[in-house]
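Peer 1: Next comes the structure file run-v7.csv, holding CSV, N, CA and C atoms.
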chain,number,residue,atom,x,y,z
A,1,MET,N,31.1,25.3,80.7
A,1,MET,CA,32.1,26.4,80.9
A,1,MET,C,33.4,25.8,81.3
A,2,THR,N,34.5,26.2,80.7
A,2,THR,CA,35.8,25.7,81.0
A,2,THR,C,36.3,26.3,82.3
A,3,ASP,N,36.9,25.4,83.2
A,3,ASP,CA,37.5,25.9,84.4
A,3,ASP,C,38.8,26.5,84.1
A,4,LEU,N,38.9,27.8,84.0
A,4,LEU,CA,40.2,28.5,83.7
A,4,LEU,C,41.1,28.6,84.8
A,5,TYR,N,40.6,28.8,86.1
A,5,TYR,CA,41.4,28.9,87.2
A,5,TYR,C,40.6,28.6,88.5
A,6,SER,N,41.1,27.7,89.3
A,6,SER,CA,40.5,27.4,90.6
A,6,SER,C,41.6,26.9,91.5
A,7,GLU,N,41.7,27.5,92.7
A,7,GLU,CA,42.7,27.1,93.6
A,7,GLU,C,42.2,27.3,95.1
A,8,SER,N,42.5,26.4,95.9
A,8,SER,CA,42.1,26.6,97.3
A,8,SER,C,43.1,25.8,98.2
A,9,THR,N,43.8,26.5,99.1
A,9,THR,CA,44.8,25.9,99.9
A,9,THR,C,44.5,26.3,101.4
A,10,ILE,N,44.4,25.3,102.3
A,10,ILE,CA,44.1,25.6,103.6
A,10,ILE,C,45.2,25.1,104.5
A,11,SER,N,45.7,25.9,105.5
A,11,SER,CA,46.7,25.4,106.5
A,11,SER,C,46.1,26.0,107.8
A,12,ALA,N,46.9,25.8,108.9
A,12,ALA,CA,46.5,26.2,110.2
A,12,ALA,C,46.2,27.7,110.3
A,13,THR,N,46.9,28.5,109.6
A,13,THR,CA,46.8,30.0,109.7
A,13,THR,C,46.5,30.7,108.4
A,14,THR,N,46.5,30.0,107.3
A,14,THR,CA,46.4,30.7,106.0
A,14,THR,C,45.4,30.0,105.1
A,15,ILE,N,44.5,30.8,104.4
A,15,ILE,CA,43.7,30.3,103.4
A,15,ILE,C,44.0,31.1,102.1
A,16,ILE,N,44.2,30.4,101.0
A,16,ILE,CA,44.4,31.1,99.8
A,16,ILE,C,43.2,30.6,98.9
A,17,ALA,N,42.5,31.6,98.4
A,17,ALA,CA,41.3,31.2,97.6
A,17,ALA,C,41.3,31.9,96.2
A,18,GLY,N,41.0,31.2,95.2
A,18,GLY,CA,40.9,31.7,93.9
A,18,GLY,C,39.8,31.1,93.1
A,19,ASN,N,39.0,31.8,92.5
A,19,ASN,CA,37.9,31.3,91.6
A,19,ASN,C,37.9,32.1,90.3
A,20,PHE,N,37.8,31.4,89.2
A,20,PHE,CA,37.6,32.1,88.0
A,20,PHE,C,37.1,31.2,86.9
A,21,TYR,N,35.9,31.4,86.5
A,21,TYR,CA,35.2,30.4,85.6
A,21,TYR,C,34.8,31.2,84.4
A,22,GLY,N,35.6,31.9,83.7
A,22,GLY,CA,35.3,32.6,82.5
A,22,GLY,C,35.8,34.0,82.6
A,23,ASN,N,35.3,34.9,81.8
A,23,ASN,CA,35.7,36.3,81.8
A,23,ASN,C,34.9,37.0,82.9
A,24,TRP,N,35.7,37.8,83.8
A,24,TRP,CA,35.1,38.6,84.8
A,24,TRP,C,34.6,39.8,84.2
A,25,ASP,N,33.3,40.1,84.3
A,25,ASP,CA,32.6,41.2,83.7
A,25,ASP,C,32.2,42.2,84.7
A,26,ASP,N,33.1,43.2,84.9
A,26,ASP,CA,32.9,44.3,85.9
A,26,ASP,C,31.6,45.1,85.6
A,27,SER,N,31.1,45.1,84.4
A,27,SER,CA,29.9,45.9,84.1
A,27,SER,C,28.7,45.3,84.8
A,28,GLN,N,28.7,44.1,85.3
A,28,GLN,CA,27.6,43.6,86.0
A,28,GLN,C,27.5,44.0,87.5
A,29,TYR,N,28.4,44.8,87.9
A,29,TYR,CA,28.5,45.1,89.4
A,29,TYR,C,28.6,46.6,89.6
A,30,ASN,N,28.1,47.0,90.8
A,30,ASN,CA,28.5,48.3,91.4
A,30,ASN,C,29.8,48.0,92.1
A,31,ILE,N,30.9,48.7,91.7
A,31,ILE,CA,32.2,48.4,92.2
A,31,ILE,C,32.6,49.4,93.3
A,32,LEU,N,33.0,48.8,94.4
A,32,LEU,CA,33.6,49.6,95.5
A,32,LEU,C,35.0,49.2,95.6
A,33,ARG,N,35.9,50.1,95.6
A,33,ARG,CA,37.4,49.8,95.7
A,33,ARG,C,37.9,50.1,97.1
A,34,VAL,N,38.8,49.1,97.5
A,34,VAL,CA,39.5,49.2,98.8
A,34,VAL,C,41.0,49.2,98.5
A,35,THR,N,41.7,50.3,99.0
A,35,THR,CA,43.1,50.4,98.7
A,35,THR,C,43.8,50.8,100.0
A,36,LYS,N,45.1,50.6,100.0
A,36,LYS,CA,45.9,51.1,101.1
A,36,LYS,C,46.0,52.6,101.2
A,37,ASP,N,45.8,53.3,100.0
A,37,ASP,CA,45.9,54.7,100.0
A,37,ASP,C,44.7,55.2,99.3
A,38,PRO,N,43.5,55.2,100.0
A,38,PRO,CA,42.2,55.5,99.3
A,38,PRO,C,42.1,56.9,98.7
A,39,LYS,N,41.6,57.1,97.6
A,39,LYS,CA,41.3,58.4,96.9
A,39,LYS,C,39.8,58.6,97.1
A,40,PHE,N,39.3,59.6,96.4
A,40,PHE,CA,37.9,59.9,96.4
A,40,PHE,C,37.1,58.7,96.0
A,41,ASN,N,36.0,58.4,96.7
A,41,ASN,CA,35.1,57.3,96.5
A,41,ASN,C,35.8,55.9,96.6
A,42,GLU,N,36.9,55.8,97.3
A,42,GLU,CA,37.5,54.5,97.7
A,42,GLU,C,37.5,54.4,99.2
A,43,PHE,N,37.8,53.1,99.6
A,43,PHE,CA,37.7,52.8,101.0
A,43,PHE,C,39.0,52.3,101.5
A,44,ALA,N,39.3,52.5,102.8
A,44,ALA,CA,40.5,52.0,103.4
A,44,ALA,C,40.4,50.6,104.0
A,45,THR,N,39.1,50.2,104.2
A,45,THR,CA,38.9,48.8,104.8
A,45,THR,C,37.7,48.1,104.0
A,46,ILE,N,37.8,46.8,104.1
A,46,ILE,CA,36.7,46.0,103.5
A,46,ILE,C,35.4,46.3,104.3
A,47,GLU,N,35.6,46.4,105.6
A,47,GLU,CA,34.4,46.7,106.5
A,47,GLU,C,33.7,48.0,106.1
A,48,ASP,N,34.4,49.0,105.8
A,48,ASP,CA,33.8,50.3,105.3
A,48,ASP,C,33.1,50.1,104.0
A,49,ALA,N,33.6,49.3,103.1
A,49,ALA,CA,33.0,49.1,101.8
A,49,ALA,C,31.7,48.3,102.0
A,50,LEU,N,31.8,47.2,102.9
A,50,LEU,CA,30.6,46.4,103.1
A,50,LEU,C,29.5,47.3,103.7
A,51,ASN,N,29.8,48.2,104.7
A,51,ASN,CA,28.8,49.0,105.3
A,51,ASN,C,28.2,50.0,104.4
A,52,ALA,N,28.9,50.3,103.2
A,52,ALA,CA,28.3,51.3,102.3
A,52,ALA,C,27.3,50.6,101.3
A,53,ILE,N,27.2,49.3,101.3
A,53,ILE,CA,26.3,48.6,100.4
A,53,ILE,C,24.9,48.7,100.9
A,54,THR,N,24.0,49.1,99.9
A,54,THR,CA,22.6,49.2,100.2
A,54,THR,C,21.8,48.6,99.0
A,55,GLY,N,20.8,47.8,99.3
A,55,GLY,CA,19.9,47.3,98.3
A,55,GLY,C,20.5,46.3,97.3
A,56,SER,N,21.4,45.5,97.8
A,56,SER,CA,22.0,44.5,96.9
A,56,SER,C,20.9,43.5,96.5
A,57,SER,N,20.9,43.1,95.3
A,57,SER,CA,20.0,42.1,94.8
A,57,SER,C,20.5,41.5,93.5
A,58,SER,N,19.7,40.6,92.9
A,58,SER,CA,20.1,39.9,91.7
A,58,SER,C,20.3,40.9,90.5
A,59,SER,N,19.6,42.0,90.6
A,59,SER,CA,19.7,43.0,89.6
A,59,SER,C,20.6,44.2,90.0
A,60,ASN,N,21.1,44.1,91.2
A,60,ASN,CA,21.9,45.2,91.8
A,60,ASN,C,23.1,44.6,92.6
A,61,ARG,N,24.0,44.0,91.9
A,61,ARG,CA,25.1,43.3,92.5
A,61,ARG,C,26.3,44.2,92.8
A,62,TYR,N,27.0,43.8,93.8
A,62,TYR,CA,28.2,44.6,94.3
A,62,TYR,C,29.5,43.8,94.2
A,63,LEU,N,30.5,44.5,93.8
A,63,LEU,CA,31.9,43.9,93.8
A,63,LEU,C,32.8,44.8,94.7
A,64,ILE,N,33.3,44.2,95.7
A,64,ILE,CA,34.3,44.9,96.5
A,64,ILE,C,35.7,44.5,95.9
A,65,ASP,N,36.4,45.4,95.2
A,65,ASP,CA,37.6,45.2,94.6
A,65,ASP,C,38.7,45.6,95.5
A,66,VAL,N,39.4,44.6,96.1
A,66,VAL,CA,40.5,44.9,97.1
A,66,VAL,C,41.8,44.9,96.4
A,67,GLY,N,42.6,46.0,96.7
A,67,GLY,CA,43.9,46.2,96.0
A,67,GLY,C,45.0,45.4,96.7
A,68,VAL,N,46.2,45.7,96.3
A,68,VAL,CA,47.4,45.1,96.8
A,68,VAL,C,47.7,45.5,98.2
A,69,GLY,N,48.1,44.6,99.0
A,69,GLY,CA,48.6,44.9,100.4
A,69,GLY,C,48.0,44.0,101.4
A,70,LEU,N,48.4,44.3,102.7
A,70,LEU,CA,47.9,43.6,103.8
A,70,LEU,C,46.8,44.4,104.5
A,71,PHE,N,45.6,43.9,104.6
A,71,PHE,CA,44.4,44.6,105.2
A,71,PHE,C,44.1,43.9,106.5
A,72,VAL,N,44.3,44.6,107.6
A,72,VAL,CA,43.9,44.0,108.9
A,72,VAL,C,42.5,44.5,109.2
A,73,GLU,N,41.6,43.5,109.4
A,73,GLU,CA,40.2,43.9,109.4
A,73,GLU,C,39.5,43.4,110.7
A,74,ASN,N,38.5,44.1,111.1
A,74,ASN,CA,37.6,43.6,112.2
A,74,ASN,C,36.8,42.5,111.6
A,75,GLN,N,36.0,41.8,112.4
A,75,GLN,CA,35.1,40.8,111.8
A,75,GLN,C,34.3,41.3,110.7
A,76,LEU,N,34.2,40.6,109.6
A,76,LEU,CA,33.5,41.1,108.4
A,76,LEU,C,32.3,40.2,108.2
A,77,ASN,N,31.1,40.9,108.4
A,77,ASN,CA,29.8,40.2,108.3
A,77,ASN,C,29.3,40.3,106.9
A,78,LEU,N,29.2,39.2,106.2
A,78,LEU,CA,28.6,39.2,104.8
A,78,LEU,C,27.2,38.8,105.0
A,79,ASN,N,26.4,39.8,105.3
A,79,ASN,CA,24.9,39.6,105.6
A,79,ASN,C,24.0,40.2,104.5
A,80,LYS,N,24.6,40.4,103.4
A,80,LYS,CA,23.9,40.9,102.2
A,80,LYS,C,24.1,40.0,101.0
A,81,SER,N,23.1,39.6,100.3
A,81,SER,CA,23.3,38.7,99.1
A,81,SER,C,23.9,39.5,98.0
A,82,TYR,N,24.4,38.8,97.0
A,82,TYR,CA,24.9,39.3,95.8
A,82,TYR,C,26.1,40.3,96.0
A,83,VAL,N,27.0,39.9,96.9
A,83,VAL,CA,28.2,40.7,97.2
A,83,VAL,C,29.4,39.8,96.9
A,84,SER,N,30.3,40.2,96.0
A,84,SER,CA,31.6,39.5,95.8
A,84,SER,C,32.7,40.4,96.3
A,85,ILE,N,33.7,39.7,96.9
A,85,ILE,CA,34.9,40.4,97.3
A,85,ILE,C,36.1,39.7,96.6
A,86,LYS,N,36.7,40.6,95.8
A,86,LYS,CA,37.8,40.0,94.9
A,86,LYS,C,39.1,40.8,95.1
A,87,GLY,N,40.2,40.1,95.4
A,87,GLY,CA,41.5,40.7,95.6
A,87,GLY,C,42.2,40.8,94.2
A,88,ALA,N,43.3,41.5,94.3
A,88,ALA,CA,44.1,41.7,93.1
A,88,ALA,C,44.7,40.4,92.6
A,89,SER,N,45.2,39.5,93.6
A,89,SER,CA,45.7,38.2,93.3
A,89,SER,C,45.9,37.5,94.6
A,90,ILE,N,46.0,36.2,94.6
A,90,ILE,CA,46.2,35.4,95.8
A,90,ILE,C,47.5,35.7,96.5
A,91,ASN,N,48.5,36.2,95.7
A,91,ASN,CA,49.8,36.6,96.2
A,91,ASN,C,49.9,38.0,96.7
A,92,GLU,N,49.0,38.9,96.2
A,92,GLU,CA,49.1,40.3,96.5
A,92,GLU,C,48.1,40.9,97.4
A,93,THR,N,47.0,40.3,97.6
A,93,THR,CA,45.9,40.7,98.5
A,93,THR,C,45.9,39.8,99.7
A,94,ARG,N,46.3,40.3,100.9
A,94,ARG,CA,46.3,39.5,102.1
A,94,ARG,C,45.4,40.2,103.1
A,95,ILE,N,44.6,39.3,103.8
A,95,ILE,CA,43.7,39.8,104.8
A,95,ILE,C,43.9,39.1,106.1
A,96,SER,N,44.0,39.8,107.2
A,96,SER,CA,44.2,39.2,108.5
A,96,SER,C,43.3,39.8,109.5
A,97,PRO,N,42.8,39.0,110.5
A,97,PRO,CA,41.9,39.6,111.5
A,97,PRO,C,42.7,40.5,112.5
A,98,ALA,N,42.0,41.6,112.9
A,98,ALA,CA,42.5,42.6,113.8
A,98,ALA,C,42.6,42.1,115.2
A,99,GLY,N,42.0,41.0,115.6
A,99,GLY,CA,42.0,40.6,116.9
A,99,GLY,C,41.6,39.1,117.0
A,100,ASN,N,41.2,38.7,118.2
A,100,ASN,CA,40.9,37.3,118.4
A,100,ASN,C,39.4,37.0,118.0
A,101,HIS,N,39.2,36.9,116.7
A,101,HIS,CA,37.8,36.7,116.2
A,101,HIS,C,37.8,36.0,114.8
A,102,ASP,N,36.7,35.5,114.5
A,102,ASP,CA,36.5,34.9,113.1
A,102,ASP,C,36.7,36.1,112.2
A,103,LEU,N,37.1,35.8,110.9
A,103,LEU,CA,37.3,36.9,110.0
A,103,LEU,C,36.1,37.2,109.2
A,104,PHE,N,35.7,36.3,108.3
A,104,PHE,CA,34.5,36.4,107.5
A,104,PHE,C,33.3,35.6,108.1
A,105,VAL,N,32.2,36.2,108.4
A,105,VAL,CA,31.1,35.5,108.9
A,105,VAL,C,30.0,35.7,107.9
A,106,VAL,N,29.7,34.6,107.2
A,106,VAL,CA,28.7,34.6,106.1
A,106,VAL,C,27.3,34.2,106.6
A,107,THR,N,26.4,35.1,106.6
A,107,THR,CA,25.1,34.9,107.1
A,107,THR,C,24.0,35.0,106.0
A,108,ASP,N,24.4,35.2,104.8
A,108,ASP,CA,23.5,35.3,103.7
A,108,ASP,C,24.0,34.5,102.6
A,109,ILE,N,23.2,34.3,101.5
A,109,ILE,CA,23.6,33.4,100.4
A,109,ILE,C,24.1,34.3,99.2
A,110,LEU,N,24.7,33.6,98.3
A,110,LEU,CA,25.1,34.2,97.0
A,110,LEU,C,26.2,35.3,97.2
A,111,ASN,N,27.2,34.9,98.0
A,111,ASN,CA,28.4,35.7,98.1
A,111,ASN,C,29.6,35.0,97.6
A,112,GLU,N,30.7,35.7,97.3
A,112,GLU,CA,31.9,35.1,96.8
A,112,GLU,C,33.1,35.8,97.3
A,113,LEU,N,34.1,35.0,97.7
A,113,LEU,CA,35.5,35.5,98.0
A,113,LEU,C,36.4,34.9,97.0
A,114,SER,N,37.2,35.8,96.4
A,114,SER,CA,38.2,35.2,95.4
A,114,SER,C,39.4,36.1,95.3
A,115,PHE,N,40.5,35.4,94.8
A,115,PHE,CA,41.8,36.1,94.5
A,115,PHE,C,42.3,36.8,95.7
A,116,LEU,N,42.4,36.1,96.9
A,116,LEU,CA,42.9,36.8,98.1
A,116,LEU,C,43.4,35.7,99.0
A,117,SER,N,44.3,36.1,100.0
A,117,SER,CA,44.8,35.1,101.0
A,117,SER,C,44.4,35.6,102.3
A,118,ILE,N,44.1,34.7,103.2
A,118,ILE,CA,43.8,35.0,104.6
A,118,ILE,C,44.9,34.5,105.5
A,119,TYR,N,45.4,35.3,106.4
A,119,TYR,CA,46.5,35.0,107.2
A,119,TYR,C,46.2,35.2,108.7
A,120,ASN,N,46.9,34.4,109.5
A,120,ASN,CA,47.0,34.7,111.0
A,120,ASN,C,45.6,34.6,111.7
A,121,VAL,N,44.8,33.7,111.3
A,121,VAL,CA,43.5,33.5,112.0
A,121,VAL,C,43.8,32.8,113.4
A,122,PRO,N,43.4,33.4,114.5
A,122,PRO,CA,43.7,32.8,115.8
A,122,PRO,C,43.2,31.4,115.9
A,123,SER,N,43.9,30.7,116.8
A,123,SER,CA,43.5,29.3,117.1
A,123,SER,C,42.1,29.3,117.6
A,124,GLY,N,41.3,28.3,117.1
A,124,GLY,CA,39.9,28.2,117.6
A,124,GLY,C,38.9,29.1,116.9
A,125,LYS,N,39.4,29.9,116.0
A,125,LYS,CA,38.6,30.8,115.2
A,125,LYS,C,38.6,30.4,113.7
A,126,SER,N,37.6,30.9,113.0
A,126,SER,CA,37.5,30.5,111.6
A,126,SER,C,37.9,31.7,110.6
A,127,ALA,N,38.5,31.4,109.5
A,127,ALA,CA,38.7,32.4,108.5
A,127,ALA,C,37.4,32.7,107.8
A,128,VAL,N,36.6,31.7,107.5
A,128,VAL,CA,35.3,31.9,106.9
A,128,VAL,C,34.3,31.0,107.7
A,129,LEU,N,33.3,31.6,108.2
A,129,LEU,CA,32.3,30.9,109.0
A,129,LEU,C,31.0,31.0,108.4
I need this file expressed as structure tokens, please.
Peer 2:
Amino acid sequence: MTDLYSESTISATTIIAGNFYGNWDDSQYNILRVTKDPKFNEFATIEDALNAITGSSSSNRYLIDVGVGLFVENQLNLNKSYVSIKGASINETRISPAGNHDLFVVTDILNELSFLSIYNVPSGKSAVL
């Protein structure tokens, strides 16, 4: 498979992540949308979308599609397999912790973060743990 896009930049307070190894096929996922102005069946936070996921598996994958904007989030626990979180782009989707805590805590396997930027992670804390 040809590497069409891959970028990762890490500094003291910012992580920019992008992955793309072929055509993104949304038909393989249950899609949950997070926007700054949520409509019916959309979410205002990534945390709310994560909490709505039930029964994720290799045959029941979830994609949290995060729109454009700055999303200030509580600690996000990725404790379910087969969950992808994809931003609109690394320049347009920005995520920042709401307090003095790690942002993404990954405790399960087979998860993906892509096309988003993480800002303002407090000193001594992790953007992705």
Peer 1: Which residues are near range 35-46 of chain A? Cut-off 10 Å, only C-alpha atoms, ignore same chain within fewer than 4 positions. Put them as a list in words.
Peer 2: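 That gives Ile31, Leu50, Asn51, Ala52, Ile64, Asp65, Val66, Gly67, Val68, Gly69, Leu70, Phe71, Val72, Glu73, Asn74, Gln75, Leu76, Ile85 and Ile95 of chain A.
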Peer 1: Between CA of Ser57 in chain A and CA of Leu103 in chain A, what is the spacing in Å?
Peer 2: 23.6 Å
Peer 1: For each of A:Val128, A:Leu116, A:Val83, A:Ala88, take the minimum atom-to-atom distance to His101 in chain A, counting only C-alpha atoms, then give the residue where this is smallest.
Peer 2: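 Nearest to His101 in chain A: A:Val128.
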Peer 1: One decimal, in Å: what's the spacing between CA of Ser81 in chain A and CA of Ser27 in chain A?
Peer 2: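 Atom-to-atom, CA of Ser81 in chain A to CA of Ser27 in chain A, that is 17.9 Å.
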Peer 1: Could you please determine the separation between atom C of Asn79 in chain A and CA of Asn100 in chain A in Å, to one decimal place?
Peer 2: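 Atom-to-atom, atom C of Asn79 in chain A and CA of Asn100 in chain A are spaced 22.1 Å apart.
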Peer 1: With all atoms listed in the file as the counted atoms, please give the residues lying no more than 7 Å from Ser56 in chain A, apart from itself and same-chain residues fewer than 3 positions off, as an NGL selection string.
Peer 2: :A and (53 or 59-62 or 80-83)
Peer 1: DSSP says strand (DSSP E or B) for which residues of range 65-100 of chain A? Put them as a PyMOL selection string?
Peer 2: chain A and resi 65-66+69-73+76-78+83-87+93-97
Peer 1: From the options A:Gln28, A:Ser89, A:Ser126, A:Asn77, which residue's atoms come nearest to Val105 in chain A, counting only N, CA and C atoms?
Peer 2: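 Ranked by minimum distance to Val105 in chain A, first place goes to A:Asn77.
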Peer 1: From the list A:Leu129, A:Tyr29, A:Gly55, A:Val34, which residue is nearest Thr107 in chain A when using only C-alpha atoms?
Peer 2: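 For Thr107 in chain A, the nearest of the given residues is A:Leu129.
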Peer 1: Given only N, CA and C atoms as the basis, pick out the residue of A:Glu92, A:Thr54, A:Ser84, A:Lys125 nearest to Glu112 in chain A.
Peer 2: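 The closest residue to Glu112 in chain A is A:Ser84.
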Peer 1: Give me every alpha helix (DSSP H) residue in range 48-109 of chain A, going by DSSP on the backbone, as number ranges by chain.
Peer 2: A: 48-51
Peer 1: Please rebuild range 66-82 of chain A with N, CA, C and O atoms and return the result as an mmCIF file, keeping the file's coordinate frame.
Peer 2:
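rebuild-v3.cif was written with the following content:
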data_model
loop_
_atom_site.group_PDB
_atom_site.id
_atom_site.type_symbol
_atom_site.label_atom_id
_atom_site.label_comp_id
_atom_site.auth_asym_id
_atom_site.auth_seq_id
_atom_site.Cartn_x
_atom_site.Cartn_y
_atom_site.Cartn_z
ATOM 1 N N VAL A 66 39.400 44.600 96.100
ATOM 2 C CA VAL A 66 40.500 44.900 97.100
ATOM 3 C C VAL A 66 41.800 44.900 96.400
ATOM 4 O O VAL A 66 42.209 43.981 95.757
ATOM 5 N N GLY A 67 42.600 46.000 96.700
ATOM 6 C CA GLY A 67 43.900 46.200 96.000
ATOM 7 C C GLY A 67 45.000 45.400 96.700
ATOM 8 O O GLY A 67 44.747 44.490 97.505
ATOM 9 N N VAL A 68 46.200 45.700 96.300
ATOM 10 C CA VAL A 68 47.400 45.100 96.800
ATOM 11 C C VAL A 68 47.700 45.500 98.200
ATOM 12 O O VAL A 68 47.557 46.692 98.521
ATOM 13 N N GLY A 69 48.100 44.600 99.000
ATOM 14 C CA GLY A 69 48.600 44.900 100.400
ATOM 15 C C GLY A 69 48.000 44.000 101.400
ATOM 16 O O GLY A 69 47.222 43.090 101.152
ATOM 17 N N LEU A 70 48.400 44.300 102.700
ATOM 18 C CA LEU A 70 47.900 43.600 103.800
ATOM 19 C C LEU A 70 46.800 44.400 104.500
ATOM 20 O O LEU A 70 47.025 45.577 104.822
ATOM 21 N N PHE A 71 45.600 43.900 104.600
ATOM 22 C CA PHE A 71 44.400 44.600 105.200
ATOM 23 C C PHE A 71 44.100 43.900 106.500
ATOM 24 O O PHE A 71 43.694 42.702 106.470
ATOM 25 N N VAL A 72 44.300 44.600 107.600
ATOM 26 C CA VAL A 72 43.900 44.000 108.900
ATOM 27 C C VAL A 72 42.500 44.500 109.200
ATOM 28 O O VAL A 72 42.265 45.707 109.269
ATOM 29 N N GLU A 73 41.600 43.500 109.400
ATOM 30 C CA GLU A 73 40.200 43.900 109.400
ATOM 31 C C GLU A 73 39.500 43.400 110.700
ATOM 32 O O GLU A 73 39.912 42.352 111.283
ATOM 33 N N ASN A 74 38.500 44.100 111.100
ATOM 34 C CA ASN A 74 37.600 43.600 112.200
ATOM 35 C C ASN A 74 36.800 42.500 111.600
ATOM 36 O O ASN A 74 36.904 42.194 110.365
ATOM 37 N N GLN A 75 36.000 41.800 112.400
ATOM 38 C CA GLN A 75 35.100 40.800 111.800
ATOM 39 C C GLN A 75 34.300 41.300 110.700
ATOM 40 O O GLN A 75 33.618 42.349 110.868
ATOM 41 N N LEU A 76 34.200 40.600 109.600
ATOM 42 C CA LEU A 76 33.500 41.100 108.400
ATOM 43 C C LEU A 76 32.300 40.200 108.200
ATOM 44 O O LEU A 76 32.336 39.000 108.030
ATOM 45 N N ASN A 77 31.100 40.900 108.400
ATOM 46 C CA ASN A 77 29.800 40.200 108.300
ATOM 47 C C ASN A 77 29.300 40.300 106.900
ATOM 48 O O ASN A 77 28.867 41.382 106.488
ATOM 49 N N LEU A 78 29.200 39.200 106.200
ATOM 50 C CA LEU A 78 28.600 39.200 104.800
ATOM 51 C C LEU A 78 27.200 38.800 105.000
ATOM 52 O O LEU A 78 26.758 37.652 104.953
ATOM 53 N N ASN A 79 26.400 39.800 105.300
ATOM 54 C CA ASN A 79 24.900 39.600 105.600
ATOM 55 C C ASN A 79 24.000 40.200 104.500
ATOM 56 O O ASN A 79 22.882 40.470 104.781
ATOM 57 N N LYS A 80 24.600 40.400 103.400
ATOM 58 C CA LYS A 80 23.900 40.900 102.200
ATOM 59 C C LYS A 80 24.100 40.000 101.000
ATOM 60 O O LYS A 80 25.292 39.598 100.771
ATOM 61 N N SER A 81 23.100 39.600 100.300
ATOM 62 C CA SER A 81 23.300 38.700 99.100
ATOM 63 C C SER A 81 23.900 39.500 98.000
ATOM 64 O O SER A 81 23.824 40.726 97.942
ATOM 65 N N TYR A 82 24.400 38.800 97.000
ATOM 66 C CA TYR A 82 24.900 39.300 95.800
ATOM 67 C C TYR A 82 26.100 40.300 96.000
ATOM 68 O O TYR A 82 26.169 41.360 95.377
#
